[in-house]
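*Asks:* Before anything else, here's the structure in question.
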Amino acid sequence: MLWYKAWLETRWRFLIGLVLLMCSAAIVVFAYSQVLSLLPLVPVTGGGEVGFQIREKAALLTTYRGYVWSQCFAQNLAGLWTLFAVVIGTGGLLNQASRGALYTLSMPVSRTQLLGVRASLGLAELFVLAVLPSLMLPALSPLVGQRYGIGDALVHATCLFVGGSVFFSLTFLLSTVFGDIWRPALIAVGVALGFGLFEQTLHGTLPSSLFYVSSAESYFRGTGIPWIGLGIRVALSGALFYGAVVNIARQDF
């Protein structure tokens with residue numbers, strides 16, 4: 001009953017996210033030939049930091065694996081997935097109470113159990129949103145005359161899920177502070193954008209930074225899976241969830 005109710009609350013967010021993410025992955029694959037045709041037009045000269053970044057991005061596009069990583073796991077797919085991690089994390093008990101929908105709270109289960117089911121289902125949905133679109137990459141690549149490893153897709157999907165789940169947990173915590181769905185979402189998106197801009201200025205020099213870990217850049221560049229960074233993300237997500245449990249326990253419904 002609890003699982004079904006949680007599913008009813010999030011199903012349309014999940015299904016819309018799944019469709020959009022799978023379409024995003026397909027677009028990246030089928031746009032590869034067009035990107036290759038435009039690559040000779042990219043300027044390879046020019047000094048300064050801007051020129052360096054242009055050359056670096058152009059170099060990534062010269063291989064299919066680099067193209068997929070730069071367009072999917074470092075940009076489009078990762079950004080869209082993070083957005084839906086925030087969207088799925090909104091709502092919950094405080095939002096229901098603020099709308100007078102207290103049926104869930106009247107059930108003979110603890111608030112911790114209610115939060116646990118809601119969080120577990122949300123994480124399960126996000127895992128599917130990370131894995132299925134990622135697996136479309138090796139499935140569709142032969143249609144454009146390329147190959148992409150299933151192992152690479154699964155590693156990047158797992159890092160995206162574990163690293164990006166921090167934003168779900170943050171939104172989940174904020175949803176126990178604010179009764180509406182907009183403030184938690186806007187704050188979490190603002191935090192994600194802030195971290196993204198900050199890390200962009202560092203050019204990925206921090207091996208445990210949020211998006212460096214979720215994009216699995218170290219794995220892509222051949223230096224291994226970012227285990228320490230992933231462990232930090234798991235601990236941080238757990239701490240945020242614990243904060244949500246404490247906040248709900250203090251609420252007077």
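Residues are referred to by chain and number: the chain letter is A, B, ... according to the order shown in the structure tokens, the number counts from 1 in that chain, and ligands are numbered separately from 1 in the order shown.
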Could you pull the residues within 9 Å of Ser134 of chain A, counting only C-alpha atoms, minus those fewer than 2 positions along the same chain, as a ChimeraX atom specification?

*Replies:* /A:21-22,25,72-73,77,129-132,136-138,150,153-154,156-157

*Asks:* I'd like the neighbourhood of Ala249 of chain A as number ranges by chain, where a residue qualifies if any of its atoms comes within 9 Å (using only C-alpha atoms), though same-chain residues fewer than 4 positions away should be ignored.

*Replies:* A: 111-112, 244-245

*Asks:* Got time to write the residues from that selection, C-alpha atoms, as a CSV table (one decimal), in the first residue's frame?

*Replies:*
```csv
chain,number,residue,atom,x,y,z
A,111,ARG,CA,7.0,8.5,9.9
A,112,THR,CA,10.4,7.0,9.4
A,244,ALA,CA,14.8,14.7,6.7
A,245,VAL,CA,13.8,12.0,9.2
```

*Asks:* List the neighbours of Leu18 of chain A out to 10 Å using only C-alpha atoms; skip same-chain residues closer than 2 positions along the sequence, and give me the result as a PyMOL selection string.

*Replies:* chain A and resi 12-16+20-24+81+84+125-126+128-130+132-133

*Asks:* Select, from A:Ala185, A:Val155, A:Leu240, A:Leu2, the residue with the minimum atom-to-atom distance to Tyr219 of chain A, counting only C-alpha atoms.

*Replies:*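 Comparing A:Ala185, A:Val155, A:Leu240, A:Leu2 against Tyr219 of chain A, the winner is A:Val155.
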
*Asks:* Just give me the gap between atom CA of Gly229 of chain A and atom CA of Val246 of chain A in Å, one decimal is fine.

*Replies:*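 About the pair atom CA of Gly229 of chain A and atom CA of Val246 of chain A: they are 25.8 Å apart.
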
*Asks:* Could you check which of A:Leu170, A:Thr158, A:Gly116, A:Ser237 is closest to Leu186 of chain A, using only C-alpha atoms?

*Replies:* A:Leu170

*Asks:* Using only C-alpha atoms, which of the listed residues (A:Val29, A:Val144, A:Ala74, A:Leu174) sits closest to Asn247 of chain A?

*Replies:*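 Distance minimum relative to Asn247 of chain A lands on A:Leu174.
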
*Asks:* Please compute the atom CA of Arg250 of chain A-atom CA of Arg11 of chain A distance, one decimal, in Å.

*Replies:* 28.5 Å
